[in-house]
file my_file.cif (mmCIF, C-alpha atoms)
data_model
#
loop_
_atom_site.label_atom_id
_atom_site.label_comp_id
_atom_site.auth_asym_id
_atom_site.auth_seq_id
_atom_site.Cartn_x
_atom_site.Cartn_y
_atom_site.Cartn_z
CA MET A 236 34.29 -35.33 52.52
CA GLN A 237 31.65 -32.61 52.22
CA GLU A 238 28.12 -33.87 51.64
CA SER A 239 26.46 -32.89 48.37
CA THR A 240 23.58 -30.45 48.56
CA VAL A 241 20.36 -32.44 48.17
CA VAL A 242 17.88 -30.74 45.84
CA VAL A 243 14.36 -31.71 44.79
CA VAL A 244 13.05 -30.20 41.54
CA THR A 245 9.40 -30.75 40.62
CA GLY A 246 8.32 -31.20 37.01
CA VAL A 247 11.55 -32.23 35.27
CA SER A 248 10.01 -33.95 32.24
CA SER A 249 10.81 -30.97 30.00
CA GLY A 250 11.45 -27.25 29.79
CA ILE A 251 12.62 -25.18 32.73
CA GLY A 252 12.49 -28.02 35.26
CA ARG A 253 14.61 -30.32 33.13
CA ALA A 254 17.20 -27.62 32.39
CA THR A 255 17.35 -26.68 36.09
CA ALA A 256 17.84 -30.27 37.25
CA GLU A 257 20.67 -30.77 34.74
CA LYS A 258 22.46 -27.61 35.82
CA LEU A 259 22.18 -28.45 39.51
CA ALA A 260 23.54 -31.94 38.88
CA ARG A 261 26.50 -30.43 37.01
CA ARG A 262 27.12 -28.20 40.05
CA GLY A 263 27.67 -31.35 42.12
CA CYS A 264 24.28 -31.47 43.84
CA ARG A 265 22.43 -34.69 44.46
CA VAL A 266 19.28 -33.99 42.47
CA PHE A 267 15.91 -35.70 42.71
CA GLY A 268 13.58 -34.78 39.85
CA THR A 269 9.87 -35.49 40.07
CA VAL A 270 7.73 -36.70 37.17
CA ARG A 271 4.09 -37.75 37.07
CA ASP A 272 4.78 -40.98 35.16
CA ILE A 273 8.21 -42.46 35.77
CA ALA A 274 7.65 -45.27 33.27
CA GLY A 275 7.27 -42.80 30.42
CA ALA A 276 9.94 -40.33 31.54
CA SER A 277 13.19 -39.82 29.66
CA PRO A 278 16.36 -40.41 31.73
CA LEU A 279 18.22 -37.34 32.89
CA ALA A 280 21.98 -37.51 33.45
CA GLY A 281 22.89 -37.16 37.12
CA VAL A 282 19.25 -36.85 38.23
CA GLU A 283 17.36 -39.47 40.27
CA LEU A 284 13.77 -39.56 39.03
CA VAL A 285 10.92 -39.92 41.52
CA GLU A 286 7.27 -40.38 40.61
CA MET A 287 5.08 -37.68 42.13
CA ASP A 288 1.88 -35.86 41.25
CA VAL A 289 1.69 -32.47 42.97
CA ARG A 290 -2.12 -32.69 42.81
CA SER A 291 -2.18 -35.68 45.17
CA ASP A 292 -1.58 -35.44 48.93
CA THR A 293 -0.66 -39.13 49.11
CA SER A 294 1.69 -39.00 46.11
CA VAL A 295 3.55 -35.97 47.48
CA LYS A 296 3.95 -37.43 50.98
CA GLN A 297 5.19 -40.77 49.65
CA ALA A 298 7.67 -39.11 47.28
CA PHE A 299 9.26 -36.97 49.99
CA GLN A 300 9.42 -39.90 52.39
CA GLN A 301 11.23 -41.86 49.68
CA ILE A 302 13.71 -39.04 49.05
CA VAL A 303 14.52 -38.57 52.74
CA ALA A 304 14.95 -42.34 53.12
CA ARG A 305 17.46 -42.36 50.26
CA ALA A 306 19.35 -39.11 50.92
CA GLY A 307 18.83 -38.50 54.64
CA ARG A 308 18.07 -34.81 54.15
CA ILE A 309 16.66 -32.20 51.73
CA ASP A 310 18.48 -28.91 51.44
CA VAL A 311 16.59 -27.23 48.60
CA LEU A 312 13.12 -27.63 47.10
CA VAL A 313 12.47 -26.07 43.68
CA ASN A 314 8.75 -25.85 42.92
CA ASN A 315 8.67 -25.68 39.14
CA ALA A 316 5.64 -27.78 38.14
CA GLY A 317 2.84 -25.68 36.68
CA VAL A 318 0.01 -25.46 34.15
CA THR A 319 -1.82 -22.70 32.32
CA ILE A 320 -5.09 -22.11 30.47
CA VAL A 321 -6.20 -19.55 27.87
CA GLY A 322 -9.62 -17.95 27.99
CA ALA A 323 -11.51 -14.95 29.28
CA VAL A 324 -12.37 -14.95 32.97
CA GLU A 325 -16.08 -15.20 32.06
CA GLU A 326 -15.38 -18.25 29.88
CA THR A 327 -13.47 -20.19 32.55
CA SER A 328 -15.44 -22.70 34.59
CA ILE A 329 -14.96 -23.15 38.32
CA THR A 330 -13.73 -26.68 37.59
CA GLU A 331 -11.07 -25.39 35.15
CA ALA A 332 -9.96 -22.65 37.54
CA GLY A 333 -9.86 -25.12 40.43
CA ALA A 334 -7.72 -27.58 38.46
CA LEU A 335 -5.21 -24.84 37.62
CA PHE A 336 -4.98 -23.70 41.25
CA ASP A 337 -4.68 -27.32 42.39
CA THR A 338 -1.36 -27.55 40.52
CA ASN A 339 0.03 -24.02 40.61
CA LEU A 340 -0.83 -23.06 44.20
CA PHE A 341 -1.96 -26.09 46.17
CA GLY A 342 0.81 -28.17 44.58
CA ILE A 343 3.30 -25.79 46.19
CA LEU A 344 1.41 -25.99 49.47
CA ARG A 345 1.58 -29.80 49.40
CA THR A 346 5.31 -29.95 48.67
CA ALA A 347 6.15 -27.24 51.22
CA GLN A 348 4.17 -29.00 53.94
CA ALA A 349 5.89 -32.28 53.02
CA VAL A 350 9.44 -30.89 53.12
CA LEU A 351 9.23 -28.45 56.04
CA PRO A 352 9.30 -31.04 58.85
CA GLN A 353 12.65 -32.30 57.54
CA MET A 354 14.02 -28.78 57.04
CA ARG A 355 12.91 -27.77 60.54
CA LEU A 356 14.67 -30.82 61.92
CA GLN A 357 17.84 -29.82 60.06
CA ARG A 358 17.40 -26.16 61.03
CA SER A 359 18.24 -25.24 57.43
CA GLY A 360 16.77 -25.28 53.97
CA ARG A 361 15.59 -23.22 51.03
CA ILE A 362 12.39 -23.33 49.01
CA VAL A 363 12.45 -21.75 45.54
CA ASN A 364 9.04 -21.16 43.99
CA VAL A 365 8.93 -20.52 40.25
CA SER A 366 6.42 -17.72 39.78
CA SER A 367 6.21 -15.48 36.70
CA VAL A 368 6.14 -11.84 35.69
CA LEU A 369 2.39 -12.55 35.75
CA GLY A 370 2.80 -12.82 39.51
CA PHE A 371 3.00 -9.02 39.56
CA LEU A 372 1.33 -8.12 36.24
CA PRO A 373 -2.17 -8.85 34.90
CA ALA A 374 -2.68 -11.04 31.83
CA PRO A 375 -5.82 -10.67 29.70
CA TYR A 376 -7.11 -14.08 28.62
CA MET A 377 -4.74 -15.78 31.07
CA GLY A 378 -6.44 -14.37 34.15
CA PHE A 379 -6.45 -17.51 36.27
CA TYR A 380 -2.82 -18.29 35.51
CA ALA A 381 -1.96 -14.73 36.60
CA ALA A 382 -4.18 -15.10 39.67
CA SER A 383 -2.45 -18.33 40.68
CA LYS A 384 0.99 -16.74 40.34
CA HIS A 385 -0.12 -13.68 42.33
CA ALA A 386 -1.22 -16.15 45.02
CA VAL A 387 2.14 -17.95 44.86
CA GLU A 388 3.87 -14.63 45.53
CA GLY A 389 1.75 -13.84 48.58
CA LEU A 390 2.12 -17.36 49.95
CA SER A 391 5.89 -17.34 49.41
CA GLU A 392 6.50 -14.02 51.15
CA SER A 393 4.29 -14.98 54.10
CA LEU A 394 5.94 -18.41 54.41
CA ASP A 395 9.40 -16.86 54.40
CA HIS A 396 8.53 -14.80 57.46
CA GLU A 397 7.25 -17.88 59.27
CA VAL A 398 10.15 -20.27 58.61
CA ARG A 399 13.23 -18.08 58.78
CA GLN A 400 13.30 -18.71 62.57
CA PHE A 401 14.31 -22.30 61.65
CA GLY A 402 17.10 -21.29 59.25
CA ILE A 403 14.83 -21.80 56.23
CA ARG A 404 14.31 -19.20 53.51
CA VAL A 405 11.84 -18.94 50.63
CA ALA A 406 12.63 -17.29 47.30
CA LEU A 407 10.74 -16.46 44.11
CA VAL A 408 11.95 -16.64 40.51
CA GLU A 409 9.86 -14.56 38.09
CA PRO A 410 10.47 -15.50 34.43
CA GLY A 411 8.91 -13.81 31.43
CA PHE A 412 7.98 -15.61 28.21
CA THR A 413 10.17 -18.69 27.76
CA LYS A 414 10.28 -21.16 24.88
CA THR A 415 8.67 -24.15 26.60
CA ASN A 416 5.78 -26.52 25.93
CA LEU A 417 3.81 -24.79 28.69
CA ASP A 418 3.55 -21.59 26.67
CA LEU A 419 3.55 -23.16 23.19
CA ASN A 420 0.76 -25.68 23.89
CA SER A 421 -1.49 -23.81 26.32
CA PRO A 422 -4.95 -25.43 26.54
CA HIS A 423 -8.05 -23.30 26.01
CA THR A 424 -11.20 -23.19 28.09
CA ALA A 425 -13.88 -25.69 27.05
CA SER A 426 -16.47 -22.95 26.59
CA SER A 427 -16.14 -19.80 24.52
CA ILE A 428 -18.21 -16.64 24.23
CA ALA A 429 -18.33 -15.08 20.77
CA ASP A 430 -18.02 -11.52 22.06
CA TYR A 431 -14.46 -12.31 23.18
CA ASP A 432 -13.37 -14.06 19.97
CA ARG A 433 -11.59 -11.12 18.32
CA GLU A 434 -9.54 -9.99 21.30
CA ARG A 435 -8.86 -13.53 22.52
CA SER A 436 -7.48 -14.40 19.09
CA LEU A 437 -5.30 -11.28 19.07
CA ALA A 438 -3.96 -12.03 22.53
CA THR A 439 -3.26 -15.68 21.64
CA GLN A 440 -1.38 -14.66 18.50
CA ALA A 441 0.64 -12.08 20.44
CA VAL A 442 1.61 -14.63 23.09
CA ALA A 443 2.61 -17.15 20.40
CA ALA A 444 4.80 -14.53 18.71
CA SER A 445 6.41 -13.59 22.04
CA VAL A 446 7.10 -17.24 22.88
CA SER A 447 8.62 -17.94 19.43
CA GLY A 448 11.13 -15.16 20.01
CA ALA A 449 11.66 -15.94 23.69
CA PRO A 450 14.88 -17.35 25.18
CA GLU A 451 15.36 -21.07 25.76
CA PRO A 452 14.81 -22.42 29.32
CA ASP A 453 18.57 -22.26 30.09
CA ALA A 454 18.46 -18.59 31.09
CA VAL A 455 15.66 -19.15 33.59
CA ALA A 456 17.37 -22.31 34.85
CA ASP A 457 20.52 -20.29 35.58
CA THR A 458 18.46 -17.88 37.68
CA ILE A 459 16.80 -20.74 39.57
CA VAL A 460 20.24 -22.24 40.34
CA GLN A 461 21.35 -18.86 41.73
CA ALA A 462 18.19 -18.70 43.86
CA ALA A 463 18.75 -22.25 45.10
CA LEU A 464 22.47 -22.08 45.89
CA GLY A 465 23.48 -18.41 46.05
CA PRO A 466 22.95 -15.71 48.68
CA TRP A 467 19.28 -15.41 49.59
CA ARG A 468 17.12 -12.79 47.85
CA MET A 469 13.34 -12.84 47.97
CA ARG A 470 12.99 -12.18 44.24
CA ARG A 471 15.17 -13.08 41.31
CA VAL A 472 14.16 -12.01 37.81
CA PRO A 473 15.99 -13.42 34.77
CA SER A 474 17.74 -10.79 32.64
CA GLY A 475 16.02 -9.52 29.52
CA GLN A 476 12.31 -8.89 29.17
CA ALA A 477 11.42 -10.14 32.66
CA SER A 478 13.92 -7.81 34.31
CA LEU A 479 12.66 -4.86 32.25
CA LEU A 480 9.02 -5.58 33.14
CA SER A 481 9.91 -5.78 36.82
CA LYS A 482 11.53 -2.34 36.69
CA LEU A 483 8.66 -0.83 34.69
CA ARG A 484 6.10 -2.13 37.16
CA ARG A 485 8.07 -0.73 40.06
CA PHE A 486 9.03 2.70 38.77
CA MET A 487 6.62 3.74 35.99
CA PRO A 488 3.14 5.24 36.48
CA ALA A 489 0.24 2.83 36.12
CA GLY A 490 -1.07 4.39 32.89
CA PRO A 491 1.98 3.71 30.69
CA VAL A 492 2.40 0.24 32.21
CA ASP A 493 -1.24 -0.56 31.38
CA ALA A 494 -0.85 0.72 27.82
CA GLY A 495 2.35 -1.26 27.32
CA LEU A 496 0.71 -4.41 28.61
CA ARG A 497 -2.22 -4.09 26.22
CA LYS A 498 0.21 -3.61 23.35
CA THR A 499 2.13 -6.73 24.39
CA PHE A 500 -1.10 -8.76 24.25
CA GLY A 501 -2.14 -7.24 20.92
CA LEU A 502 -4.98 -5.22 22.42
CA ALA A 503 -3.72 -1.71 21.66
#

call {"tool": "encode", "arguments": {"input": "my_file.cif", "output": "structure tokens"}}
result
Amino acid sequence: MQESTVVVVTGVSSGIGRATAEKLARRGCRVFGTVRDIAGASPLAGVELVEMDVRSDTSVKQAFQQIVARAGRIDVLVNNAGVTIVGAVEETSITEAGALFDTNLFGILRTAQAVLPQMRLQRSGRIVNVSSVLGFLPAPYMGFYAASKHAVEGLSESLDHEVRQFGIRVALVEPGFTKTNLDLNSPHTASSIADYDRERSLATQAVAASVSGAPEPDAVADTIVQAALGPWRMRRVPSGQASLLSKLRRFMPAGPVDAGLRKTFGLA
């Protein structure tokens, strides 16, 4: 009997992570989904929940030790957990920026360092990091979220070069706006500067309108499943707006791209 592919998906409480874990389980994978508070987590059919906080070295190490003890191997890691914050760069404190990077970038570093010894031992594995179109585009009033995703892209590409000698590959998935709690309930910086009020309000309204008309997490989850189980490609962009933005960034001159971005954020 062929062994099931063992997959770990971080942040499965809701949204993209939850949809991804469900789809992988339906594909016959043995799926471990991580949540910060297992006592308050809703059950997920076919998914074994594991308590883990990507902001904690100890929590991450213990969770991966538990998964290896139960499954004997880890074939795929999907780094989905993430946070965002709304505010001008000048309004964002070092503490707020650090907390965002602690989840979005250092959380990926912690999980990668926890899973790589097992993958090197196996001489196989795949790490899928959920980035964003803001990993290759700027985002006014979401500057530190964009900066963290730009960092995720650089880290992922560098890591892929380092670990492919062991039969391990790293991939990126770059969604656009998606109808999830992350985008609908984005926290704002604690401090505000009146000079930014008008544009920040316009940008926030534009993002809310984009999210309300955005696709459900299923489309992104399908792309993550392809990245996890299909032929390796460094980047996978869900169809629709994300795919269009990727092409525009690659082929159009900077001026029109800049103007289109400002229009998207209500700053035209």

call {"tool": "closest_atom_pairs", "arguments": {"input": "my_file.cif", "of": "stretch 352-405 of chain A", "to": "stretch 453-466 of chain A", "cutoff": "8 Å", "atoms": "only C-alpha atoms", "output": "CSV"}}
result
residue,atom,partner,partner_atom,distance
A:Arg361,CA,A:Ala463,CA,6.8
A:Ile362,CA,A:Ala463,CA,7.5
A:Val363,CA,A:Ala463,CA,6.3
A:Val365,CA,A:Ile459,CA,7.9

call {"tool": "write_last_selection", "arguments": {"input": "my_file.cif", "atoms": "C-alpha atoms", "output": "PDB file, keeping the file's coordinate frame"}}
result
ATOM      1  CA  ARG A 361      15.590 -23.220  51.030  1.00  0.00           C
ATOM      2  CA  ILE A 362      12.390 -23.330  49.010  1.00  0.00           C
ATOM      3  CA  VAL A 363      12.450 -21.750  45.540  1.00  0.00           C
ATOM      4  CA  VAL A 365       8.930 -20.520  40.250  1.00  0.00           C
TER       5      VAL A 365
END

call {"tool": "residues_around", "arguments": {"input": "my_file.cif", "residues": "A:Phe500", "least_positions_apart": "5", "cutoff": "7 Å", "atoms": "all atoms listed in the file", "output": "ChimeraX atom specification"}}
result
/A:438,441-442

call {"tool": "resolve_selection", "arguments": {"input": "my_file.cif", "expression": "the PyMOL selection byres ((chain A and resi 334-338) around 9)", "output": "PyMOL selection string"}}
result
chain A and resi 288-290+316-320+329-333+339-343+379-380+382-383

call {"tool": "resolve_selection", "arguments": {"input": "my_file.cif", "expression": "the PyMOL selection byres ((chain A and resi 295) around 12)", "output": "PyMOL selection string"}}
result
chain A and resi 243+245+269-271+285-294+296-302+338+341-350

call {"tool": "closest_residue", "arguments": {"input": "my_file.cif", "among": "A:Phe371, A:Phe401, A:Phe412, A:Tyr376", "to": "A:Gln353", "atoms": "all atoms listed in the file"}}
result
A:Phe401

call {"tool": "resolve_selection", "arguments": {"input": "my_file.cif", "expression": "the PyMOL selection byres ((chain A and resi 427-432) around 9)", "output": "list in words"}}
result
Gly322, Ala323, Glu325, Glu326, Thr327, His423, Thr424, Ala425, Ser426, Arg433, Glu434, Arg435, Ser436 and Leu437 of chain A

call {"tool": "write_last_selection", "arguments": {"input": "my_file.cif", "atoms": "C-alpha atoms", "output": "short mmCIF file (atom, residue, chain, number, x, y, z; two decimals), in the frame of the given file"}}
result
data_model
loop_
_atom_site.label_atom_id
_atom_site.label_comp_id
_atom_site.auth_asym_id
_atom_site.auth_seq_id
_atom_site.Cartn_x
_atom_site.Cartn_y
_atom_site.Cartn_z
CA GLY A 322 -9.62 -17.95 27.99
CA ALA A 323 -11.51 -14.95 29.28
CA GLU A 325 -16.08 -15.20 32.06
CA GLU A 326 -15.38 -18.25 29.88
CA THR A 327 -13.47 -20.19 32.55
CA HIS A 423 -8.05 -23.30 26.01
CA THR A 424 -11.20 -23.19 28.09
CA ALA A 425 -13.88 -25.69 27.05
CA SER A 426 -16.47 -22.95 26.59
CA ARG A 433 -11.59 -11.12 18.32
CA GLU A 434 -9.54 -9.99 21.30
CA ARG A 435 -8.86 -13.53 22.52
CA SER A 436 -7.48 -14.40 19.09
CA LEU A 437 -5.30 -11.28 19.07
#

call {"tool": "atom_distance", "arguments": {"input": "my_file.cif", "atom1": "atom CA of A:Met469", "atom2": "atom CA of A:Lys384"}}
result
15.0 Å

call {"tool": "atom_distance", "arguments": {"input": "my_file.cif", "atom1": "atom CA of A:Val387", "atom2": "atom CA of A:Gly411"}}
result
15.6 Å

call {"tool": "closest_residue", "arguments": {"input": "my_file.cif", "among": "A:Val446, A:Phe267, A:Gly281, A:Glu409", "to": "A:Ala306", "atoms": "all atoms listed in the file"}}
result
A:Phe267

call {"tool": "atom_distance", "arguments": {"input": "my_file.cif", "atom1": "atom CA of A:Ser367", "atom2": "atom CA of A:Thr255"}}
result
15.8 Å

call {"tool": "closest_residue", "arguments": {"input": "my_file.cif", "among": "A:Val472, A:Ser248, A:Pro422, A:Thr499", "to": "A:Ala444", "atoms": "only C-alpha atoms"}}
result
A:Thr499

call {"tool": "closest_residue", "arguments": {"input": "my_file.cif", "among": "A:Ala443, A:Leu372, A:Ala381, A:Val405", "to": "A:Gly495", "atoms": "all atoms listed in the file"}}
result
A:Leu372

call {"tool": "residues_around", "arguments": {"input": "my_file.cif", "residues": "A:Arg308", "least_positions_apart": "4", "cutoff": "9 Å", "atoms": "all atoms listed in the file", "output": "number ranges by chain"}}
result
A: 240-241, 302-304, 353-354, 357

call {"tool": "closest_residue", "arguments": {"input": "my_file.cif", "among": "A:Pro375, A:Gly275, A:Gly370, A:Gly250", "to": "A:Ser391", "atoms": "all atoms listed in the file"}}
result
A:Gly370

call {"tool": "closest_residue", "arguments": {"input": "my_file.cif", "among": "A:Ser366, A:Ser239, A:Ser445, A:Thr415", "to": "A:Asn314", "atoms": "all atoms listed in the file"}}
result
A:Ser366

call {"tool": "decode", "arguments": {"input": "my_file.cif", "residues": "stretch 292-316 of chain A", "atoms": "N, CA, C and O atoms", "output": "compact mmCIF listing (two decimals), in the first residue's frame"}}
result
# COMPACT_ATOMS: atom_id res chain seq x y z
N ASP A 292 9.58 29.89 19.23
CA ASP A 292 10.55 28.85 18.87
C ASP A 292 10.17 27.52 19.50
O ASP A 292 10.16 26.47 18.84
N THR A 293 9.86 27.55 20.80
CA THR A 293 9.54 26.32 21.53
C THR A 293 8.29 25.66 20.99
O THR A 293 8.25 24.44 20.78
N SER A 294 7.25 26.45 20.75
CA SER A 294 5.98 25.92 20.24
C SER A 294 6.17 25.25 18.89
O SER A 294 5.65 24.15 18.63
N VAL A 295 6.93 25.88 18.01
CA VAL A 295 7.15 25.33 16.66
C VAL A 295 7.94 24.02 16.75
O VAL A 295 7.57 23.01 16.13
N LYS A 296 9.01 24.00 17.53
CA LYS A 296 9.82 22.79 17.65
C LYS A 296 9.01 21.63 18.21
O LYS A 296 9.06 20.50 17.70
N GLN A 297 8.23 21.90 19.26
CA GLN A 297 7.42 20.84 19.87
C GLN A 297 6.37 20.32 18.90
O GLN A 297 6.11 19.11 18.85
N ALA A 298 5.74 21.22 18.13
CA ALA A 298 4.70 20.79 17.20
C ALA A 298 5.27 19.88 16.12
O ALA A 298 4.68 18.84 15.80
N PHE A 299 6.42 20.23 15.56
CA PHE A 299 6.99 19.40 14.50
C PHE A 299 7.53 18.08 15.05
O PHE A 299 7.43 17.04 14.37
N GLN A 300 8.04 18.09 16.25
CA GLN A 300 8.45 16.83 16.88
C GLN A 300 7.25 15.91 17.06
O GLN A 300 7.32 14.70 16.81
N GLN A 301 6.12 16.49 17.46
CA GLN A 301 4.89 15.72 17.65
C GLN A 301 4.41 15.13 16.32
O GLN A 301 4.01 13.96 16.26
N ILE A 302 4.46 15.92 15.26
CA ILE A 302 3.98 15.45 13.95
C ILE A 302 4.87 14.32 13.44
O ILE A 302 4.36 13.29 12.95
N VAL A 303 6.18 14.47 13.54
CA VAL A 303 7.09 13.42 13.07
C VAL A 303 6.90 12.15 13.90
O VAL A 303 6.92 11.03 13.37
N ALA A 304 6.67 12.31 15.20
CA ALA A 304 6.44 11.14 16.06
C ALA A 304 5.19 10.38 15.63
O ALA A 304 5.13 9.15 15.70
N ARG A 305 4.17 11.12 15.18
CA ARG A 305 2.90 10.48 14.81
C ARG A 305 2.91 9.94 13.38
O ARG A 305 2.32 8.90 13.10
N ALA A 306 3.56 10.67 12.46
CA ALA A 306 3.48 10.29 11.05
C ALA A 306 4.76 9.67 10.51
O ALA A 306 4.74 9.03 9.46
N GLY A 307 5.88 9.91 11.17
CA GLY A 307 7.15 9.33 10.73
C GLY A 307 7.87 10.12 9.67
O GLY A 307 9.05 9.88 9.39
N ARG A 308 7.20 11.09 9.06
CA ARG A 308 7.81 11.88 8.00
C ARG A 308 6.97 13.13 7.77
O ARG A 308 5.84 13.24 8.26
N ILE A 309 7.51 14.09 7.02
CA ILE A 309 6.75 15.26 6.55
C ILE A 309 7.17 15.49 5.11
O ILE A 309 8.34 15.72 4.82
N ASP A 310 6.22 15.41 4.22
CA ASP A 310 6.52 15.56 2.79
C ASP A 310 6.34 16.99 2.30
O ASP A 310 7.08 17.44 1.42
N VAL A 311 5.36 17.69 2.86
CA VAL A 311 5.06 19.05 2.39
C VAL A 311 4.75 19.94 3.60
O VAL A 311 4.01 19.53 4.51
N LEU A 312 5.31 21.13 3.60
CA LEU A 312 4.96 22.17 4.57
C LEU A 312 4.35 23.34 3.82
O LEU A 312 4.96 23.86 2.88
N VAL A 313 3.13 23.73 4.20
CA VAL A 313 2.48 24.91 3.63
C VAL A 313 2.46 25.99 4.69
O VAL A 313 1.77 25.87 5.71
N ASN A 314 3.23 27.05 4.46
CA ASN A 314 3.28 28.18 5.39
C ASN A 314 2.22 29.20 5.00
O ASN A 314 2.42 30.03 4.09
N ASN A 315 1.09 29.13 5.67
CA ASN A 315 -0.04 29.99 5.35
C ASN A 315 -0.29 31.07 6.40
O ASN A 315 -0.80 32.14 6.08
N ALA A 316 0.09 30.82 7.66
CA ALA A 316 -0.23 31.75 8.74
C ALA A 316 0.34 33.14 8.45
O ALA A 316 1.49 33.28 8.02
